[in-house]
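Report on the structure given below.
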Amino acid sequence: MKETNCKQKYIRTDLACESGRISPDKYESAVYSRREEGAVVTERLHVPDEKAEKETGKPKGSYTTVFAPTLKNYYLKDDSAGEILSREIKEMAEKLLDHEITSSTRVLIAGLGNRFITADSLGPLTADKIHATRHAKGALPVLEKLGCSEISVIHTGVMGQTGIESGELIKGTVGKVRPELVIAVDALAARSPSRLATTVQLSDSGISPGAGIGNRRKAINASSVGCPVIAIGVPTIVDSSTLIYDALERSGITDISSPLKKILDNSKSFFVSLNDSDMVIEFLSDVISFAINKVFGTESL
């Protein structure tokens with residue numbers, strides 16, 4: 001099997017920083033930048049056209065990746081990544097809104113995923129910690145004085161629980177609460193184990209729930225829900241076939257024999273996660289909810 005075909009078949013990742021088909025220094029259309037702040041590395045990628053899509057393997061849009069190895073060390077309670085993440089969310093949100101965030105800004109936060117499966121519980125756990133204000137804006141003038149935006153929160157669950165596409169639930173809610181912006185939080189898949197619970201990706205291109213495990217649902221993006229969407233995700237799993245193929249490739253083995261192909265094919269239905277995923281994902285939900293609450297003025301509620 002040709003190497004290119006193998007990559008397309010066995011390498012699965014939701015991260016822009018792992019999906020490039022050429023190295024960033026060879027991009028001709030895509031725009032890439034990198035910044036280091038202590039132990040935190042922030043990478044930005046802008047994909048403006050079809051040529052850039054081919055270079056990066058990602059659809060048009062902007063992608064920001066915040067990489068912090070300490071994120072999975074929940075016992076350290078390092079706040080630096082949360083502060084940087086808050087700054088990046090604010091910048092992307094204000095660019096999409098085309099104005100500064102104020103107390104009148106209307107935002108819908110959607111927690112995607114299944115709270116009863118640890119590796120998929122990031123969205124629901126994060127949504128639990130977002131401070132909703134829409135119901136109290138008129139009744140509590142102090143929210144206006146504090147500069148709190150109008151925040152609504154929805155837990156979409158998964159289709160197997162609700163029988164309804166997450167995108168349909170979000171679109172229906174958008175029709176009722178009329179937000180200017182949707183922020184969808186979900187778990188992702190990575191190529192490299194080193195990315196598990198250490199990387200937060202922001203994207204304005206939307207998200208396809210379940211794509212990381214090959215169960216792609218309808219996309220949640222500006223055209224499907226009717227307003228700009230920021231997708232926030234953290235990789236919590238690695239596909240087993242991706243893990244094996246990546247190890248083979250790093251060892252210089254690109255000629256996939258029939259026995260190896262059988263092993264890779266059998267591994268496509270298994271996923272690897274951290275052994276302490278429950279504690280790590282709980283902490284990650286703290287970090288992401290803190291960053292979102294801070295951006296929209298509700299962190300002190």
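Going by the structure tokens order, chains are called A, B, ..., each with residues numbered from 1, while ligands are numbered from 1 in the order shown.
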
Can you list every residue of region 9-88 of chain A that has an atom at most 10 Å from region 217-239 of chain A, with its nearest atom pair and the distance in Å to one decimal, using only C-alpha atoms, ordered by chain then number, as JSON lines?
{"residue": "A:Tyr10", "atom": "CA", "partner": "A:Asp239", "partner_atom": "CA", "distance": 8.6}
{"residue": "A:Ile11", "atom": "CA", "partner": "A:Asp239", "partner_atom": "CA", "distance": 8.2}
{"residue": "A:Arg12", "atom": "CA", "partner": "A:Asp239", "partner_atom": "CA", "distance": 6.9}
{"residue": "A:Thr13", "atom": "CA", "partner": "A:Val238", "partner_atom": "CA", "distance": 8.0}
{"residue": "A:Asp14", "atom": "CA", "partner": "A:Pro235", "partner_atom": "CA", "distance": 7.8}
{"residue": "A:Leu15", "atom": "CA", "partner": "A:Pro235", "partner_atom": "CA", "distance": 8.0}
{"residue": "A:Ser62", "atom": "CA", "partner": "A:Ile230", "partner_atom": "CA", "distance": 9.9}
{"residue": "A:Tyr63", "atom": "CA", "partner": "A:Ala231", "partner_atom": "CA", "distance": 9.5}
{"residue": "A:Thr64", "atom": "CA", "partner": "A:Ile232", "partner_atom": "CA", "distance": 9.6}
{"residue": "A:Thr65", "atom": "CA", "partner": "A:Gly233", "partner_atom": "CA", "distance": 9.6}
{"residue": "A:Val66", "atom": "CA", "partner": "A:Val234", "partner_atom": "CA", "distance": 9.8}

Residues near Leu108 (chain A), cut-off 7 Å, only C-alpha atoms, skip fewer than 3 positions along chain, as a PDB file with all heavy atoms, in the first residue's frame:
ATOM      1  N   ILE A 151     -25.264  35.220  28.650  1.00  0.00           N
ATOM      2  CA  ILE A 151     -24.776  33.870  28.390  1.00  0.00           C
ATOM      3  C   ILE A 151     -25.895  32.846  28.543  1.00  0.00           C
ATOM      4  O   ILE A 151     -26.591  32.816  29.564  1.00  0.00           O
ATOM      5  CB  ILE A 151     -23.625  33.490  29.355  1.00  0.00           C
ATOM      6  CG1 ILE A 151     -22.505  34.524  29.293  1.00  0.00           C
ATOM      7  CG2 ILE A 151     -23.096  32.093  29.030  1.00  0.00           C
ATOM      8  CD1 ILE A 151     -21.835  34.640  27.963  1.00  0.00           C
ATOM      9  N   SER A 152     -26.037  32.007  27.530  1.00  0.00           N
ATOM     10  CA  SER A 152     -26.933  30.849  27.587  1.00  0.00           C
ATOM     11  C   SER A 152     -26.079  29.591  27.463  1.00  0.00           C
ATOM     12  O   SER A 152     -25.013  29.610  26.832  1.00  0.00           O
ATOM     13  CB  SER A 152     -27.960  30.884  26.455  1.00  0.00           C
ATOM     14  OG  SER A 152     -28.681  32.088  26.450  1.00  0.00           O
ATOM     15  N   VAL A 153     -26.538  28.504  28.068  1.00  0.00           N
ATOM     16  CA  VAL A 153     -25.779  27.248  28.064  1.00  0.00           C
ATOM     17  C   VAL A 153     -26.692  26.102  27.680  1.00  0.00           C
ATOM     18  O   VAL A 153     -27.836  26.021  28.149  1.00  0.00           O
ATOM     19  CB  VAL A 153     -25.154  26.965  29.452  1.00  0.00           C
ATOM     20  CG1 VAL A 153     -24.330  25.675  29.414  1.00  0.00           C
ATOM     21  CG2 VAL A 153     -24.293  28.132  29.915  1.00  0.00           C
ATOM     22  N   PRO A 179     -28.334  34.246  19.764  1.00  0.00           N
ATOM     23  CA  PRO A 179     -26.977  34.665  20.142  1.00  0.00           C
ATOM     24  C   PRO A 179     -26.241  35.271  18.956  1.00  0.00           C
ATOM     25  O   PRO A 179     -26.559  35.008  17.797  1.00  0.00           O
ATOM     26  CB  PRO A 179     -26.320  33.349  20.572  1.00  0.00           C
ATOM     27  CG  PRO A 179     -26.996  32.319  19.722  1.00  0.00           C
ATOM     28  CD  PRO A 179     -28.430  32.780  19.616  1.00  0.00           C
ATOM     29  N   LEU A 181     -23.002  34.700  18.857  1.00  0.00           N
ATOM     30  CA  LEU A 181     -21.876  33.775  18.741  1.00  0.00           C
ATOM     31  C   LEU A 181     -22.198  32.485  19.471  1.00  0.00           C
ATOM     32  O   LEU A 181     -22.814  32.502  20.536  1.00  0.00           O
ATOM     33  CB  LEU A 181     -20.621  34.418  19.373  1.00  0.00           C
ATOM     34  CG  LEU A 181     -19.344  33.580  19.448  1.00  0.00           C
ATOM     35  CD1 LEU A 181     -18.752  33.374  18.058  1.00  0.00           C
ATOM     36  CD2 LEU A 181     -18.320  34.266  20.364  1.00  0.00           C
ATOM     37  N   VAL A 182     -21.797  31.364  18.878  1.00  0.00           N
ATOM     38  CA  VAL A 182     -21.888  30.063  19.536  1.00  0.00           C
ATOM     39  C   VAL A 182     -20.476  29.569  19.834  1.00  0.00           C
ATOM     40  O   VAL A 182     -19.582  29.652  18.981  1.00  0.00           O
ATOM     41  CB  VAL A 182     -22.613  29.027  18.648  1.00  0.00           C
ATOM     42  CG1 VAL A 182     -22.478  27.611  19.227  1.00  0.00           C
ATOM     43  CG2 VAL A 182     -24.086  29.378  18.501  1.00  0.00           C
ATOM     44  N   ILE A 183     -20.259  29.071  21.041  1.00  0.00           N
ATOM     45  CA  ILE A 183     -19.001  28.418  21.392  1.00  0.00           C
ATOM     46  C   ILE A 183     -19.317  26.969  21.721  1.00  0.00           C
ATOM     47  O   ILE A 183     -20.068  26.691  22.668  1.00  0.00           O
ATOM     48  CB  ILE A 183     -18.306  29.102  22.576  1.00  0.00           C
ATOM     49  CG1 ILE A 183     -17.916  30.529  22.201  1.00  0.00           C
ATOM     50  CG2 ILE A 183     -17.071  28.308  23.004  1.00  0.00           C
ATOM     51  CD1 ILE A 183     -17.207  31.290  23.309  1.00  0.00           C
TER      52      ILE A 183
END

Next item on the list: Compile the contact shell of region 49-57 of chain A as a PyMOL selection string: residues with an atom at most 8 Å away, counting only C-alpha atoms, same-chain residues fewer than 6 positions apart removed.
Entry: chain A and resi 16+19-22+27-30

Next item on the list: Give me, please, the distance in Å between CA of Val272 (chain A) and CA of Leu112 (chain A), quoted to one decimal.
Entry: 20.0 Å

Check: Hey, what's within 8 Å of Leu264 (chain A) if we count only C-alpha atoms and toss same-chain stuff fewer than 3 positions away? As a list of chain:residue names, please?
Finding: A:Tyr10, A:Ser240, A:Ser241, A:Ile244, A:Tyr245, A:Leu260, A:Lys261, A:Ser267, A:Lys268

Expected file: the selected residues, N, CA and C atoms, as a PDB file, in the first residue's frame:
ATOM      1  N   TYR A  10      -5.022   5.538   7.900  1.00  0.00           N
ATOM      2  CA  TYR A  10      -4.725   5.181   9.285  1.00  0.00           C
ATOM      3  C   TYR A  10      -4.407   6.354  10.203  1.00  0.00           C
ATOM      4  N   SER A 240      -6.038   3.613  17.905  1.00  0.00           N
ATOM      5  CA  SER A 240      -4.979   2.610  18.017  1.00  0.00           C
ATOM      6  C   SER A 240      -4.228   2.409  16.710  1.00  0.00           C
ATOM      7  N   SER A 241      -4.949   2.407  15.587  1.00  0.00           N
ATOM      8  CA  SER A 241      -4.265   2.231  14.302  1.00  0.00           C
ATOM      9  C   SER A 241      -3.360   3.426  14.007  1.00  0.00           C
ATOM     10  N   ILE A 244      -0.185   2.939  16.103  1.00  0.00           N
ATOM     11  CA  ILE A 244       0.706   1.924  15.532  1.00  0.00           C
ATOM     12  C   ILE A 244       1.386   2.445  14.273  1.00  0.00           C
ATOM     13  N   TYR A 245       0.586   3.043  13.365  1.00  0.00           N
ATOM     14  CA  TYR A 245       1.168   3.537  12.118  1.00  0.00           C
ATOM     15  C   TYR A 245       2.184   4.634  12.392  1.00  0.00           C
ATOM     16  N   LEU A 260       0.852  -6.547   8.682  1.00  0.00           N
ATOM     17  CA  LEU A 260       0.760  -5.248   9.362  1.00  0.00           C
ATOM     18  C   LEU A 260      -0.565  -4.563   9.034  1.00  0.00           C
ATOM     19  N   LYS A 261      -0.975  -4.666   7.777  1.00  0.00           N
ATOM     20  CA  LYS A 261      -2.246  -4.061   7.364  1.00  0.00           C
ATOM     21  C   LYS A 261      -3.405  -4.662   8.159  1.00  0.00           C
ATOM     22  N   SER A 267      -7.218  -2.529  14.473  1.00  0.00           N
ATOM     23  CA  SER A 267      -7.040  -1.547  15.554  1.00  0.00           C
ATOM     24  C   SER A 267      -7.878  -0.297  15.364  1.00  0.00           C
ATOM     25  N   LYS A 268      -8.584  -0.176  14.241  1.00  0.00           N
ATOM     26  CA  LYS A 268      -9.310   1.064  13.949  1.00  0.00           C
ATOM     27  C   LYS A 268     -10.527   1.277  14.843  1.00  0.00           C
TER      28      LYS A 268
END

Distance table requested - region 62-152 of chain A against region 192-212 of chain A, cut-off 12 Å, only C-alpha atoms: one row per qualifying residue with the closest atom pair and its distance in Å to one decimal, ordered by chain and rising residue number, as JSON lines.
{"residue": "A:Ser62", "atom": "CA", "partner": "A:Ser203", "partner_atom": "CA", "distance": 5.7}
{"residue": "A:Tyr63", "atom": "CA", "partner": "A:Ser203", "partner_atom": "CA", "distance": 4.5}
{"residue": "A:Thr64", "atom": "CA", "partner": "A:Leu202", "partner_atom": "CA", "distance": 5.0}
{"residue": "A:Thr65", "atom": "CA", "partner": "A:Gln201", "partner_atom": "CA", "distance": 4.5}
{"residue": "A:Val66", "atom": "CA", "partner": "A:Val200", "partner_atom": "CA", "distance": 5.2}
{"residue": "A:Phe67", "atom": "CA", "partner": "A:Thr199", "partner_atom": "CA", "distance": 4.4}
{"residue": "A:Ala68", "atom": "CA", "partner": "A:Thr198", "partner_atom": "CA", "distance": 5.2}
{"residue": "A:Pro69", "atom": "CA", "partner": "A:Thr198", "partner_atom": "CA", "distance": 5.0}
{"residue": "A:Thr70", "atom": "CA", "partner": "A:Thr198", "partner_atom": "CA", "distance": 7.0}
{"residue": "A:Leu71", "atom": "CA", "partner": "A:Thr198", "partner_atom": "CA", "distance": 5.2}
{"residue": "A:Lys72", "atom": "CA", "partner": "A:Ala197", "partner_atom": "CA", "distance": 5.4}
{"residue": "A:Asn73", "atom": "CA", "partner": "A:Thr198", "partner_atom": "CA", "distance": 9.1}
{"residue": "A:Tyr74", "atom": "CA", "partner": "A:Ala197", "partner_atom": "CA", "distance": 10.2}
{"residue": "A:Ala81", "atom": "CA", "partner": "A:Val200", "partner_atom": "CA", "distance": 9.3}
{"residue": "A:Gly82", "atom": "CA", "partner": "A:Val200", "partner_atom": "CA", "distance": 10.0}
{"residue": "A:Ile84", "atom": "CA", "partner": "A:Val200", "partner_atom": "CA", "distance": 10.8}
{"residue": "A:Leu85", "atom": "CA", "partner": "A:Val200", "partner_atom": "CA", "distance": 8.0}
{"residue": "A:Ser86", "atom": "CA", "partner": "A:Leu202", "partner_atom": "CA", "distance": 10.9}
{"residue": "A:Arg87", "atom": "CA", "partner": "A:Leu202", "partner_atom": "CA", "distance": 11.6}
{"residue": "A:Glu88", "atom": "CA", "partner": "A:Leu202", "partner_atom": "CA", "distance": 8.2}
{"residue": "A:Ile89", "atom": "CA", "partner": "A:Leu202", "partner_atom": "CA", "distance": 7.4}
{"residue": "A:Lys90", "atom": "CA", "partner": "A:Leu202", "partner_atom": "CA", "distance": 11.0}
{"residue": "A:Glu91", "atom": "CA", "partner": "A:Leu202", "partner_atom": "CA", "distance": 10.9}
{"residue": "A:Met92", "atom": "CA", "partner": "A:Asp204", "partner_atom": "CA", "distance": 7.8}
{"residue": "A:Ala93", "atom": "CA", "partner": "A:Asp204", "partner_atom": "CA", "distance": 8.9}
{"residue": "A:Glu94", "atom": "CA", "partner": "A:Asp204", "partner_atom": "CA", "distance": 11.7}
{"residue": "A:Lys95", "atom": "CA", "partner": "A:Asp204", "partner_atom": "CA", "distance": 10.0}
{"residue": "A:Leu96", "atom": "CA", "partner": "A:Asp204", "partner_atom": "CA", "distance": 8.1}
{"residue": "A:Leu97", "atom": "CA", "partner": "A:Asp204", "partner_atom": "CA", "distance": 11.5}
{"residue": "A:Ala110", "atom": "CA", "partner": "A:Ile207", "partner_atom": "CA", "distance": 11.7}
{"residue": "A:Gly111", "atom": "CA", "partner": "A:Pro209", "partner_atom": "CA", "distance": 11.0}
{"residue": "A:Leu112", "atom": "CA", "partner": "A:Pro209", "partner_atom": "CA", "distance": 7.5}
{"residue": "A:Gly113", "atom": "CA", "partner": "A:Pro209", "partner_atom": "CA", "distance": 7.8}
{"residue": "A:Asn114", "atom": "CA", "partner": "A:Gly210", "partner_atom": "CA", "distance": 10.6}
{"residue": "A:Ala119", "atom": "CA", "partner": "A:Ala197", "partner_atom": "CA", "distance": 10.2}
{"residue": "A:Asp120", "atom": "CA", "partner": "A:Gly210", "partner_atom": "CA", "distance": 9.6}
{"residue": "A:Leu122", "atom": "CA", "partner": "A:Ala197", "partner_atom": "CA", "distance": 10.5}
{"residue": "A:Gly123", "atom": "CA", "partner": "A:Pro209", "partner_atom": "CA", "distance": 11.0}

Next item on the list: Please identify which residues in region 136-213 of chain A DSSP calls strand (DSSP E or B) from the backbone, and express them as a ChimeraX atom specification.
Entry: /A:150-157,181-190,199-203,207

Notebook entry, point to check: DSSP says alpha helix (DSSP H) for which residues of region 10-123 of chain A? Put them as a PyMOL selection string?
Noted result: chain A and resi 10+16-19+50-56+80-97+122-123

Notebook entry, point to check: Quick one: distance from CA of Arg35 (chain A) to CA of Phe283 (chain A) in Å, one decimal?
Noted result: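 Pair CA of Arg35 (chain A) / CA of Phe283 (chain A) returns 24.2 Å.
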
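Comparing A:Asp276, A:Asp25, A:Glu180, A:Glu282 by their smallest distance to Asp128 (chain A), the closest is A:Glu282 (using only C-alpha atoms).
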